[in-house]
>>> print(open('final-v1.tsv').read())   # TSV, C-alpha atoms
chain	number	residue	atom	x	y	z
A	1	ALA	CA	78.86	98.12	39.96
A	2	GLN	CA	75.94	100.48	39.59
A	3	THR	CA	73.10	99.86	42.02
A	4	VAL	CA	69.95	101.55	43.27
A	5	THR	CA	68.50	100.76	46.69
A	6	GLN	CA	65.02	101.54	47.89
A	7	SER	CA	64.87	100.34	51.47
A	8	GLN	CA	61.14	100.88	52.04
A	9	PRO	CA	59.12	98.19	50.22
A	10	GLU	CA	55.82	99.61	51.47
A	11	MET	CA	54.67	102.89	52.93
A	12	SER	CA	51.39	104.55	53.75
A	13	VAL	CA	50.34	108.14	54.34
A	14	GLN	CA	47.15	109.92	55.29
A	15	GLU	CA	45.53	112.00	52.62
A	16	ALA	CA	46.81	115.62	52.66
A	17	GLU	CA	49.90	114.64	54.66
A	18	THR	CA	53.53	114.62	53.49
A	19	VAL	CA	55.59	111.51	52.85
A	20	THR	CA	59.21	110.94	51.88
A	21	LEU	CA	60.45	107.96	49.90
A	22	SER	CA	64.12	107.14	50.17
A	23	CYS	CA	66.58	106.10	47.48
A	24	THR	CA	70.31	105.57	47.54
A	25	TYR	CA	72.53	104.65	44.65
A	26	ASP	CA	76.07	103.62	44.02
A	27	THR	CA	78.21	104.68	41.10
A	28	SER	CA	81.77	105.74	40.46
A	29	GLU	CA	80.63	108.18	37.79
A	30	ASN	CA	80.49	111.88	38.55
A	31	ASN	CA	77.83	112.79	36.02
A	32	TYR	CA	74.46	111.09	35.82
A	33	TYR	CA	70.73	111.68	35.69
A	34	LEU	CA	68.31	110.58	38.41
A	35	PHE	CA	64.60	109.88	38.05
A	36	TRP	CA	61.53	108.98	40.01
A	37	TYR	CA	58.86	107.05	38.14
A	38	LYS	CA	55.35	106.26	39.31
A	39	GLN	CA	53.48	103.09	38.40
A	40	PRO	CA	49.78	103.21	39.31
A	41	PRO	CA	47.58	100.09	39.21
A	42	SER	CA	47.20	100.62	35.46
A	43	ARG	CA	50.88	99.54	35.22
A	44	GLN	CA	51.79	102.54	33.08
A	45	MET	CA	55.20	103.99	33.96
A	46	ILE	CA	54.96	107.75	34.45
A	47	LEU	CA	57.83	110.15	35.01
A	48	VAL	CA	57.44	112.06	38.27
A	49	ILE	CA	60.63	114.07	38.44
A	50	ARG	CA	64.15	114.22	37.05
A	51	GLN	CA	67.41	115.61	38.42
A	52	GLU	CA	70.73	116.20	36.71
A	53	ALA	CA	73.61	115.40	39.04
A	54	TYR	CA	75.58	118.48	38.04
A	55	LYS	CA	72.77	120.74	39.27
A	56	GLN	CA	72.91	121.61	42.95
A	57	GLN	CA	69.36	122.88	43.07
A	58	ASN	CA	66.79	120.25	43.96
A	59	ALA	CA	64.16	119.58	41.31
A	60	THR	CA	60.50	120.28	42.04
A	61	GLU	CA	57.31	119.48	40.14
A	62	ASN	CA	54.21	120.84	41.82
A	63	ARG	CA	53.67	118.69	44.94
A	64	PHE	CA	56.74	116.55	44.25
A	65	SER	CA	60.25	117.54	45.22
A	66	VAL	CA	63.55	115.77	45.74
A	67	ASN	CA	66.32	116.01	48.27
A	68	PHE	CA	69.46	115.29	46.28
A	69	GLN	CA	72.58	114.71	48.36
A	70	LYS	CA	75.35	113.91	45.90
A	71	ALA	CA	78.06	113.18	48.44
A	72	ALA	CA	75.80	110.77	50.27
A	73	LYS	CA	74.46	109.36	46.98
A	74	SER	CA	70.94	109.90	48.19
A	75	PHE	CA	67.90	110.94	46.16
A	76	SER	CA	64.69	111.01	48.21
A	77	LEU	CA	61.26	111.99	46.93
A	78	LYS	CA	58.91	114.14	48.98
A	79	ILE	CA	55.22	114.17	48.18
A	80	SER	CA	53.32	117.02	49.77
A	81	ASP	CA	49.55	117.19	50.26
A	82	SER	CA	49.19	113.52	49.36
A	83	GLN	CA	46.20	112.63	47.20
A	84	LEU	CA	44.43	109.33	46.62
A	85	GLY	CA	45.75	109.34	43.06
A	86	ASP	CA	49.28	109.18	44.42
A	87	THR	CA	48.69	105.56	45.42
A	88	ALA	CA	51.19	103.69	43.27
A	89	MET	CA	54.52	101.93	43.11
A	90	TYR	CA	57.40	104.40	42.94
A	91	PHE	CA	60.71	103.55	41.32
A	92	CYS	CA	63.98	105.40	41.66
A	93	ALA	CA	66.31	105.16	38.66
A	94	PHE	CA	69.52	106.60	37.33
A	95	ILE	CA	71.66	106.55	34.25
A	96	PRO	CA	75.36	107.34	34.51
A	97	LEU	CA	76.85	109.31	31.67
A	98	GLY	CA	79.67	107.87	29.70
A	99	THR	CA	79.40	104.19	30.68
A	100	GLY	CA	77.19	102.76	27.98
A	101	ASN	CA	73.90	104.47	28.63
A	102	GLN	CA	72.42	101.71	30.75
A	103	PHE	CA	69.52	102.48	33.07
A	104	TYR	CA	69.36	101.18	36.63
A	105	PHE	CA	66.15	100.91	38.62
A	106	GLY	CA	65.47	100.26	42.28
A	107	THR	CA	63.08	97.59	43.52
A	108	GLY	CA	60.30	100.07	44.19
A	109	THR	CA	58.27	101.43	47.09
A	110	SER	CA	54.55	100.72	47.20
A	111	LEU	CA	52.79	103.83	48.50
A	112	THR	CA	49.21	103.78	49.74
A	113	VAL	CA	47.37	107.01	50.44
A	114	ILE	CA	44.73	106.47	53.10
A	115	PRO	CA	41.53	108.54	52.92
B	1	GLU	CA	49.73	111.31	19.62
B	2	ALA	CA	53.30	110.71	20.72
B	3	GLN	CA	53.53	107.22	22.09
B	4	VAL	CA	55.30	103.91	22.47
B	5	THR	CA	53.21	100.92	21.47
B	6	GLN	CA	53.71	97.27	22.31
B	7	ASN	CA	52.02	94.18	20.96
B	8	PRO	CA	50.65	91.94	22.18
B	9	ARG	CA	49.56	93.29	25.55
B	10	TYR	CA	48.96	89.82	26.93
B	11	LEU	CA	50.43	86.52	25.81
B	12	ILE	CA	50.26	83.00	27.14
B	13	THR	CA	52.54	80.51	25.44
B	14	VAL	CA	54.30	77.21	26.02
B	15	THR	CA	57.91	76.41	26.64
B	16	GLY	CA	60.05	76.46	23.52
B	17	LYS	CA	57.62	78.19	21.18
B	18	LYS	CA	59.37	81.17	19.60
B	19	LEU	CA	57.68	84.51	20.05
B	20	THR	CA	58.21	88.17	19.23
B	21	VAL	CA	56.96	91.18	21.14
B	22	THR	CA	56.88	94.26	18.96
B	23	CYS	CA	57.69	97.79	20.05
B	24	SER	CA	57.24	100.93	18.02
B	25	GLN	CA	57.64	104.63	18.79
B	26	ASN	CA	56.51	107.61	16.72
B	27	MET	CA	58.69	110.27	18.35
B	28	ASN	CA	61.83	109.80	16.25
B	29	HIS	CA	63.73	108.77	19.36
B	30	GLU	CA	67.24	107.42	19.01
B	31	TYR	CA	67.34	105.36	22.20
B	32	MET	CA	65.10	102.34	22.77
B	33	SER	CA	65.16	99.75	25.49
B	34	TRP	CA	63.50	96.63	26.87
B	35	TYR	CA	62.89	95.90	30.56
B	36	ARG	CA	61.35	93.12	32.53
B	37	GLN	CA	59.54	93.75	35.79
B	38	ASP	CA	59.31	91.06	38.45
B	39	PRO	CA	57.92	91.34	41.99
B	40	GLY	CA	60.58	92.42	44.44
B	41	LEU	CA	63.15	92.97	41.71
B	42	GLY	CA	61.97	96.19	40.14
B	43	LEU	CA	62.75	96.83	36.50
B	44	ARG	CA	65.79	95.25	34.95
B	45	GLN	CA	67.13	96.24	31.59
B	46	ILE	CA	67.35	93.46	29.03
B	47	TYR	CA	68.76	95.21	25.96
B	48	TYR	CA	69.04	98.74	24.73
B	49	SER	CA	69.80	100.44	21.45
B	50	MET	CA	71.44	103.80	20.92
B	51	ASN	CA	70.47	103.92	17.25
B	52	VAL	CA	69.77	101.81	14.19
B	53	GLU	CA	71.95	98.69	14.06
B	54	VAL	CA	73.45	99.48	17.48
B	55	THR	CA	72.38	97.29	20.38
B	56	ASP	CA	73.90	96.52	23.78
B	57	LYS	CA	73.19	94.07	26.57
B	58	GLY	CA	71.62	95.21	29.78
B	59	ASP	CA	71.63	93.33	33.06
B	60	VAL	CA	69.56	90.31	32.02
B	61	PRO	CA	70.04	89.57	28.29
B	62	GLU	CA	70.17	85.76	28.50
B	63	GLY	CA	67.40	84.10	26.53
B	64	TYR	CA	66.49	87.25	24.58
B	65	LYS	CA	67.37	88.72	21.21
B	66	VAL	CA	66.70	92.14	19.75
B	67	SER	CA	67.20	93.91	16.45
B	68	ARG	CA	67.05	97.54	15.40
B	69	LYS	CA	66.69	97.71	11.65
B	70	GLU	CA	64.52	100.81	11.68
B	71	LYS	CA	64.64	103.74	14.04
B	72	ARG	CA	61.03	103.37	15.15
B	73	ASN	CA	60.94	99.62	15.82
B	74	PHE	CA	62.72	97.51	18.41
B	75	PRO	CA	61.28	93.97	18.65
B	76	LEU	CA	62.09	91.59	21.48
B	77	ILE	CA	62.54	87.97	20.45
B	78	LEU	CA	62.36	84.93	22.69
B	79	GLU	CA	63.56	82.05	20.55
B	80	SER	CA	62.91	79.32	23.11
B	81	PRO	CA	60.89	80.75	25.99
B	82	SER	CA	61.08	79.15	29.41
B	83	PRO	CA	58.86	79.56	32.49
B	84	ASN	CA	61.43	81.82	34.17
B	85	GLN	CA	60.75	84.37	31.44
B	86	THR	CA	57.21	84.80	32.70
B	87	SER	CA	57.15	88.50	33.48
B	88	LEU	CA	55.84	91.94	32.68
B	89	TYR	CA	57.82	93.49	29.83
B	90	PHE	CA	58.19	97.16	29.03
B	91	CYS	CA	59.58	98.87	25.99
B	92	ALA	CA	60.80	102.45	26.37
B	93	SER	CA	62.34	105.16	24.24
B	94	SER	CA	64.06	108.49	24.75
B	95	PRO	CA	65.40	111.22	22.46
B	96	VAL	CA	68.95	110.33	23.42
B	97	GLY	CA	70.43	107.84	25.85
B	98	VAL	CA	70.75	110.08	28.86
B	99	ASP	CA	67.24	111.39	28.96
B	100	THR	CA	63.76	110.66	30.24
B	101	GLN	CA	62.43	107.28	29.18
B	102	TYR	CA	58.92	107.11	27.73
B	103	PHE	CA	57.35	103.75	28.39
B	104	GLY	CA	54.96	101.56	26.47
B	105	PRO	CA	51.91	100.06	28.20
B	106	GLY	CA	53.61	96.75	29.01
B	107	THR	CA	53.22	93.15	27.85
B	108	ARG	CA	52.23	90.47	30.31
B	109	LEU	CA	53.90	87.23	29.22
B	110	THR	CA	53.18	83.84	30.74
B	111	VAL	CA	55.25	80.83	29.68
B	112	LEU	CA	53.76	77.49	30.68
>>> encode(input="final-v1.tsv", output="structure tokens")
Amino acid sequence: AQTVTQSQPEMSVQEAETVTLSCTYDTSENNYYLFWYKQPPSRQMILVIRQEAYKQQNATENRFSVNFQKAAKSFSLKISDSQLGDTAMYFCAFIPLGTGNQFYFGTGTSLTVIP
Amino acid sequence: EAQVTQNPRYLITVTGKKLTVTCSQNMNHEYMSWYRQDPGLGLRQIYYSMNVEVTDKGDVPEGYKVSRKEKRNFPLILESPSPNQTSLYFCASSPVGVDTQYFGPGTRLTVL
């Protein structure tokens, strides 16, 4: 079974500080794509960052970076220099290649940036 | 503007009254999908479609139907809605299956 686990339902961080959101997943597939999505209070789902499992280099997008540990099946998101606009629900997701193209999402981490 | 649109955005209905939530994308994407979002459960995939006339069940397909007769449209049909289908629904599309999903704005459905 394919699963995604986000063990931190809620987190908070001071503005300008760094925070790391954790995500683990389970799959028997060797090739897959991993994603972090952000959902602000507007409810819109916004892509934060994407990682291909075959790439060893960790993806980065400005203040957002991931720590991808394939052997441990871990995919954490680091947000540097946190801003008030980062306050949102964050979802980890993945899609394994070759098993029907089904997406799997975690239960989310609610992040609050404190001024 | 490249986008995924959903209608209606909000809907309150009663048990057993058939309804359709429409989804349309203007990006010529092959892959389209429906999700429901419930507190504490995250997003769960209901159905997805790799291309016209090709649909597959996700994790929670019971009580839902879909069709993909045109590439741009992927309606979600609830033939006999029940209160446990009260949820926030998202449609999404991507160029191909294994790619970034682009989401619609969501539809808040309440079944009384």
>>> interface_residues(input="final-v1.tsv", of="chain A", to="chain B", cutoff="6 Å", atoms="only C-alpha atoms", output="PyMOL selection string")
chain A and resi 44-45+101+105-108
>>> residues_around(input="final-v1.tsv", residues="region 78-85 of chain B", least_positions_apart="5", cutoff="9 Å", atoms="only C-alpha atoms", output="NGL selection string")
:B and (13-21 or 36 or 63-66 or 109-112)
>>> axis_aligned_box(input="final-v1.tsv", around="region 69-80 of chain A", padding_each_side="6 Å", output="lines of an AutoDock Vina configuration file")
center_x = 65.7
center_y = 113.2
center_z = 48.1
size_x = 36.7
size_y = 19.7
size_z = 16.4
>>> residues_around(input="final-v1.tsv", residues="Phe74 (chain B)", least_positions_apart="5", cutoff="8 Å", atoms="only C-alpha atoms", output="list in words")
Thr22, Cys23, Ser24, Met32, Ser33, Val66, Ser67, Arg68 and Lys69 of chain B
>>> residues_around(input="final-v1.tsv", residues="region 63-72 of chain A", least_positions_apart="5", cutoff="12 Å", atoms="all atoms listed in the file", output="ChimeraX atom specification")
/A:16-38,47-58,77-83,86,92
>>> write_last_selection(input="final-v1.tsv", atoms="C-alpha atoms", output="PDB file, in the coordinates of the input")
ATOM      1  CA  ALA A  16      46.810 115.620  52.660  1.00  0.00           C
ATOM      2  CA  GLU A  17      49.900 114.640  54.660  1.00  0.00           C
ATOM      3  CA  THR A  18      53.530 114.620  53.490  1.00  0.00           C
ATOM      4  CA  VAL A  19      55.590 111.510  52.850  1.00  0.00           C
ATOM      5  CA  THR A  20      59.210 110.940  51.880  1.00  0.00           C
ATOM      6  CA  LEU A  21      60.450 107.960  49.900  1.00  0.00           C
ATOM      7  CA  SER A  22      64.120 107.140  50.170  1.00  0.00           C
ATOM      8  CA  CYS A  23      66.580 106.100  47.480  1.00  0.00           C
ATOM      9  CA  THR A  24      70.310 105.570  47.540  1.00  0.00           C
ATOM     10  CA  TYR A  25      72.530 104.650  44.650  1.00  0.00           C
ATOM     11  CA  ASP A  26      76.070 103.620  44.020  1.00  0.00           C
ATOM     12  CA  THR A  27      78.210 104.680  41.100  1.00  0.00           C
ATOM     13  CA  SER A  28      81.770 105.740  40.460  1.00  0.00           C
ATOM     14  CA  GLU A  29      80.630 108.180  37.790  1.00  0.00           C
ATOM     15  CA  ASN A  30      80.490 111.880  38.550  1.00  0.00           C
ATOM     16  CA  ASN A  31      77.830 112.790  36.020  1.00  0.00           C
ATOM     17  CA  TYR A  32      74.460 111.090  35.820  1.00  0.00           C
ATOM     18  CA  TYR A  33      70.730 111.680  35.690  1.00  0.00           C
ATOM     19  CA  LEU A  34      68.310 110.580  38.410  1.00  0.00           C
ATOM     20  CA  PHE A  35      64.600 109.880  38.050  1.00  0.00           C
ATOM     21  CA  TRP A  36      61.530 108.980  40.010  1.00  0.00           C
ATOM     22  CA  TYR A  37      58.860 107.050  38.140  1.00  0.00           C
ATOM     23  CA  LYS A  38      55.350 106.260  39.310  1.00  0.00           C
ATOM     24  CA  LEU A  47      57.830 110.150  35.010  1.00  0.00           C
ATOM     25  CA  VAL A  48      57.440 112.060  38.270  1.00  0.00           C
ATOM     26  CA  ILE A  49      60.630 114.070  38.440  1.00  0.00           C
ATOM     27  CA  ARG A  50      64.150 114.220  37.050  1.00  0.00           C
ATOM     28  CA  GLN A  51      67.410 115.610  38.420  1.00  0.00           C
ATOM     29  CA  GLU A  52      70.730 116.200  36.710  1.00  0.00           C
ATOM     30  CA  ALA A  53      73.610 115.400  39.040  1.00  0.00           C
ATOM     31  CA  TYR A  54      75.580 118.480  38.040  1.00  0.00           C
ATOM     32  CA  LYS A  55      72.770 120.740  39.270  1.00  0.00           C
ATOM     33  CA  GLN A  56      72.910 121.610  42.950  1.00  0.00           C
ATOM     34  CA  GLN A  57      69.360 122.880  43.070  1.00  0.00           C
ATOM     35  CA  ASN A  58      66.790 120.250  43.960  1.00  0.00           C
ATOM     36  CA  LEU A  77      61.260 111.990  46.930  1.00  0.00           C
ATOM     37  CA  LYS A  78      58.910 114.140  48.980  1.00  0.00           C
ATOM     38  CA  ILE A  79      55.220 114.170  48.180  1.00  0.00           C
ATOM     39  CA  SER A  80      53.320 117.020  49.770  1.00  0.00           C
ATOM     40  CA  ASP A  81      49.550 117.190  50.260  1.00  0.00           C
ATOM     41  CA  SER A  82      49.190 113.520  49.360  1.00  0.00           C
ATOM     42  CA  GLN A  83      46.200 112.630  47.200  1.00  0.00           C
ATOM     43  CA  ASP A  86      49.280 109.180  44.420  1.00  0.00           C
ATOM     44  CA  CYS A  92      63.980 105.400  41.660  1.00  0.00           C
TER      45      CYS A  92
END
>>> atom_distance(input="final-v1.tsv", atom1="CA of Phe91 (chain A)", atom2="CA of Gln6 (chain A)")
8.1 Å
>>> residues_near_point(input="final-v1.tsv", point="(49.4, 91.4, 27.5)", cutoff="8 Å", atoms="only C-alpha atoms", output="PyMOL selection string")
chain B and resi 7-11+106-109
>>> atom_distance(input="final-v1.tsv", atom1="CA of Thr3 (chain A)", atom2="CA of Ala88 (chain A)")
22.3 Å
>>> atom_distance(input="final-v1.tsv", atom1="CA of Gln14 (chain A)", atom2="CA of Ser74 (chain A)")
24.8 Å
>>> residues_around(input="final-v1.tsv", residues="Leu111 (chain A)", least_positions_apart="6", cutoff="9 Å", atoms="only C-alpha atoms", output="JSON, numbers by chain")
{"A": [9, 10, 11, 12, 13, 21, 86, 87, 88, 89, 90]}
>>> residues_around(input="final-v1.tsv", residues="Glu1 (chain B)", least_positions_apart="4", cutoff="12 Å", atoms="all atoms listed in the file", output="PyMOL selection string")
chain B and resi 5+25-27
>>> write_last_selection(input="final-v1.tsv", atoms="C-alpha atoms", output="compact mmCIF listing (two decimals), in the coordinates of the input")
# COMPACT_ATOMS: atom_id res chain seq x y z
CA THR B 5 53.21 100.92 21.47
CA GLN B 25 57.64 104.63 18.79
CA ASN B 26 56.51 107.61 16.72
CA MET B 27 58.69 110.27 18.35
>>> residues_near_point(input="final-v1.tsv", point="(70.9, 103.6, 36.1)", cutoff="8 Å", atoms="all atoms listed in the file", output="list in words")
Gln2, Thr3, Val4, Leu34, Ala93, Phe94, Ile95, Pro96, Gln102, Phe103, Tyr104 and Phe105 of chain A
>>> decode(input="final-v1.tsv", residues="chain B", atoms="C-alpha atoms", output="PDB file, in the first residue's frame")
ATOM      1  CA  GLU B   1      -5.096  32.699 -18.475  1.00  0.00           C
ATOM      2  CA  ALA B   2      -4.211  29.061 -17.874  1.00  0.00           C
ATOM      3  CA  GLN B   3      -6.549  27.709 -15.270  1.00  0.00           C
ATOM      4  CA  VAL B   4      -8.775  24.987 -13.897  1.00  0.00           C
ATOM      5  CA  THR B   5     -12.327  26.101 -13.216  1.00  0.00           C
ATOM      6  CA  GLN B   6     -14.971  24.452 -11.074  1.00  0.00           C
ATOM      7  CA  ASN B   7     -18.657  25.172 -10.734  1.00  0.00           C
ATOM      8  CA  PRO B   8     -20.403  25.722  -8.494  1.00  0.00           C
ATOM      9  CA  ARG B   9     -18.044  27.016  -5.820  1.00  0.00           C
ATOM     10  CA  TYR B  10     -20.581  26.451  -3.075  1.00  0.00           C
ATOM     11  CA  LEU B  11     -23.528  24.097  -3.002  1.00  0.00           C
ATOM     12  CA  ILE B  12     -26.021  23.104  -0.348  1.00  0.00           C
ATOM     13  CA  THR B  13     -28.318  20.253  -1.270  1.00  0.00           C
ATOM     14  CA  VAL B  14     -30.449  17.529   0.281  1.00  0.00           C
ATOM     15  CA  THR B  15     -29.936  13.822   0.528  1.00  0.00           C
ATOM     16  CA  GLY B  16     -30.712  11.958  -2.667  1.00  0.00           C
ATOM     17  CA  LYS B  17     -30.877  14.903  -5.047  1.00  0.00           C
ATOM     18  CA  LYS B  18     -28.553  14.240  -7.978  1.00  0.00           C
ATOM     19  CA  LEU B  19     -25.917  16.855  -8.624  1.00  0.00           C
ATOM     20  CA  THR B  20     -22.993  17.518 -10.937  1.00  0.00           C
ATOM     21  CA  VAL B  21     -19.888  19.546 -10.231  1.00  0.00           C
ATOM     22  CA  THR B  22     -18.216  20.671 -13.418  1.00  0.00           C
ATOM     23  CA  CYS B  23     -14.489  20.937 -14.011  1.00  0.00           C
ATOM     24  CA  SER B  24     -12.798  22.428 -17.023  1.00  0.00           C
ATOM     25  CA  GLN B  25      -9.171  23.159 -17.907  1.00  0.00           C
ATOM     26  CA  ASN B  26      -7.803  25.243 -20.771  1.00  0.00           C
ATOM     27  CA  MET B  27      -4.241  23.918 -20.772  1.00  0.00           C
ATOM     28  CA  ASN B  28      -4.758  20.888 -23.010  1.00  0.00           C
ATOM     29  CA  HIS B  29      -3.781  18.620 -20.141  1.00  0.00           C
ATOM     30  CA  GLU B  30      -4.197  14.888 -20.526  1.00  0.00           C
ATOM     31  CA  TYR B  31      -4.540  14.013 -16.848  1.00  0.00           C
ATOM     32  CA  MET B  32      -7.467  15.176 -14.724  1.00  0.00           C
ATOM     33  CA  SER B  33      -8.488  14.192 -11.238  1.00  0.00           C
ATOM     34  CA  TRP B  34     -10.989  14.743  -8.441  1.00  0.00           C
ATOM     35  CA  TYR B  35     -10.155  14.925  -4.733  1.00  0.00           C
ATOM     36  CA  ARG B  36     -12.084  15.442  -1.569  1.00  0.00           C
ATOM     37  CA  GLN B  37     -10.577  17.197   1.422  1.00  0.00           C
ATOM     38  CA  ASP B  38     -11.781  16.469   4.940  1.00  0.00           C
ATOM     39  CA  PRO B  39     -10.343  17.712   8.246  1.00  0.00           C
ATOM     40  CA  GLY B  40      -7.655  15.403   9.539  1.00  0.00           C
ATOM     41  CA  LEU B  41      -7.717  13.257   6.419  1.00  0.00           C
ATOM     42  CA  GLY B  42      -5.935  15.444   3.907  1.00  0.00           C
ATOM     43  CA  LEU B  43      -6.788  15.069   0.244  1.00  0.00           C
ATOM     44  CA  ARG B  44      -8.039  11.766  -1.035  1.00  0.00           C
ATOM     45  CA  GLN B  45      -8.317  10.954  -4.692  1.00  0.00           C
ATOM     46  CA  ILE B  46     -11.785  10.007  -5.897  1.00  0.00           C
ATOM     47  CA  TYR B  47     -11.261   9.356  -9.612  1.00  0.00           C
ATOM     48  CA  TYR B  48      -8.686  10.235 -12.194  1.00  0.00           C
ATOM     49  CA  SER B  49      -8.471  10.185 -15.956  1.00  0.00           C
ATOM     50  CA  MET B  50      -5.390   9.690 -18.087  1.00  0.00           C
ATOM     51  CA  ASN B  51      -7.148  10.823 -21.254  1.00  0.00           C
ATOM     52  CA  VAL B  52     -10.492  10.980 -23.022  1.00  0.00           C
ATOM     53  CA  GLU B  53     -12.673   7.951 -22.251  1.00  0.00           C
ATOM     54  CA  VAL B  54     -10.101   6.605 -19.767  1.00  0.00           C
ATOM     55  CA  THR B  55     -10.988   6.811 -16.089  1.00  0.00           C
ATOM     56  CA  ASP B  56      -9.768   4.974 -12.997  1.00  0.00           C
ATOM     57  CA  LYS B  57     -10.826   4.762  -9.382  1.00  0.00           C
ATOM     58  CA  GLY B  58      -8.844   6.455  -6.685  1.00  0.00           C
ATOM     59  CA  ASP B  59      -9.020   5.712  -2.985  1.00  0.00           C
ATOM     60  CA  VAL B  60     -12.606   6.799  -2.325  1.00  0.00           C
ATOM     61  CA  PRO B  61     -14.756   6.286  -5.457  1.00  0.00           C
ATOM     62  CA  GLU B  62     -17.908   4.977  -3.748  1.00  0.00           C
ATOM     63  CA  GLY B  63     -20.920   7.192  -4.361  1.00  0.00           C
ATOM     64  CA  TYR B  64     -19.306   9.114  -7.224  1.00  0.00           C
ATOM     65  CA  LYS B  65     -19.283   8.890 -10.996  1.00  0.00           C
ATOM     66  CA  VAL B  66     -17.163  10.651 -13.577  1.00  0.00           C
ATOM     67  CA  SER B  67     -16.961  10.872 -17.340  1.00  0.00           C
ATOM     68  CA  ARG B  68     -14.332  12.191 -19.726  1.00  0.00           C
ATOM     69  CA  LYS B  69     -15.930  12.760 -23.094  1.00  0.00           C
ATOM     70  CA  GLU B  70     -13.806  15.777 -23.948  1.00  0.00           C
ATOM     71  CA  LYS B  71     -10.219  16.458 -23.037  1.00  0.00           C
ATOM     72  CA  ARG B  72     -10.976  19.716 -21.259  1.00  0.00           C
ATOM     73  CA  ASN B  73     -13.933  18.610 -19.119  1.00  0.00           C
ATOM     74  CA  PHE B  74     -14.152  16.152 -16.252  1.00  0.00           C
ATOM     75  CA  PRO B  75     -17.471  16.420 -14.353  1.00  0.00           C
ATOM     76  CA  LEU B  76     -18.060  14.777 -10.986  1.00  0.00           C
ATOM     77  CA  ILE B  77     -21.510  13.288 -10.525  1.00  0.00           C
ATOM     78  CA  LEU B  78     -23.196  12.410  -7.250  1.00  0.00           C
ATOM     79  CA  GLU B  79     -26.307  10.486  -8.218  1.00  0.00           C
ATOM     80  CA  SER B  80     -27.690  10.138  -4.697  1.00  0.00           C
ATOM     81  CA  PRO B  81     -25.721  12.363  -2.344  1.00  0.00           C
ATOM     82  CA  SER B  82     -25.545  11.531   1.347  1.00  0.00           C
ATOM     83  CA  PRO B  83     -24.412  13.624   4.334  1.00  0.00           C
ATOM     84  CA  ASN B  84     -21.066  11.801   4.476  1.00  0.00           C
ATOM     85  CA  GLN B  85     -20.246  13.359   1.112  1.00  0.00           C
ATOM     86  CA  THR B  86     -20.234  16.795   2.680  1.00  0.00           C
ATOM     87  CA  SER B  87     -16.725  17.956   1.899  1.00  0.00           C
ATOM     88  CA  LEU B  88     -14.456  20.307   0.012  1.00  0.00           C
ATOM     89  CA  TYR B  89     -13.861  19.029  -3.519  1.00  0.00           C
ATOM     90  CA  PHE B  90     -10.958  19.851  -5.787  1.00  0.00           C
ATOM     91  CA  CYS B  91     -10.464  19.204  -9.451  1.00  0.00           C
ATOM     92  CA  ALA B  92      -6.905  19.128 -10.780  1.00  0.00           C
ATOM     93  CA  SER B  93      -5.110  18.601 -14.052  1.00  0.00           C
ATOM     94  CA  SER B  94      -1.572  17.975 -15.251  1.00  0.00           C
ATOM     95  CA  PRO B  95       0.114  17.644 -18.643  1.00  0.00           C
ATOM     96  CA  VAL B  96       0.685  13.950 -18.043  1.00  0.00           C
ATOM     97  CA  GLY B  97      -0.004  11.669 -15.116  1.00  0.00           C
ATOM     98  CA  VAL B  98       3.326  11.912 -13.383  1.00  0.00           C
ATOM     99  CA  ASP B  99       3.586  15.652 -13.210  1.00  0.00           C
ATOM    100  CA  THR B 100       2.631  18.665 -11.152  1.00  0.00           C
ATOM    101  CA  GLN B 101      -1.086  18.944 -10.499  1.00  0.00           C
ATOM    102  CA  TYR B 102      -2.774  22.288 -11.114  1.00  0.00           C
ATOM    103  CA  PHE B 103      -5.784  22.711  -8.891  1.00  0.00           C
ATOM    104  CA  GLY B 104      -9.127  24.401  -9.301  1.00  0.00           C
ATOM    105  CA  PRO B 105     -10.450  26.750  -6.606  1.00  0.00           C
ATOM    106  CA  GLY B 106     -12.501  24.081  -4.837  1.00  0.00           C
ATOM    107  CA  THR B 107     -16.208  23.387  -4.351  1.00  0.00           C
ATOM    108  CA  ARG B 108     -17.690  23.392  -0.880  1.00  0.00           C
ATOM    109  CA  LEU B 109     -20.524  20.859  -0.842  1.00  0.00           C
ATOM    110  CA  THR B 110     -22.961  20.421   2.021  1.00  0.00           C
ATOM    111  CA  VAL B 111     -25.485  17.574   1.925  1.00  0.00           C
ATOM    112  CA  LEU B 112     -28.306  17.918   4.441  1.00  0.00           C
TER     113      LEU B 112
END
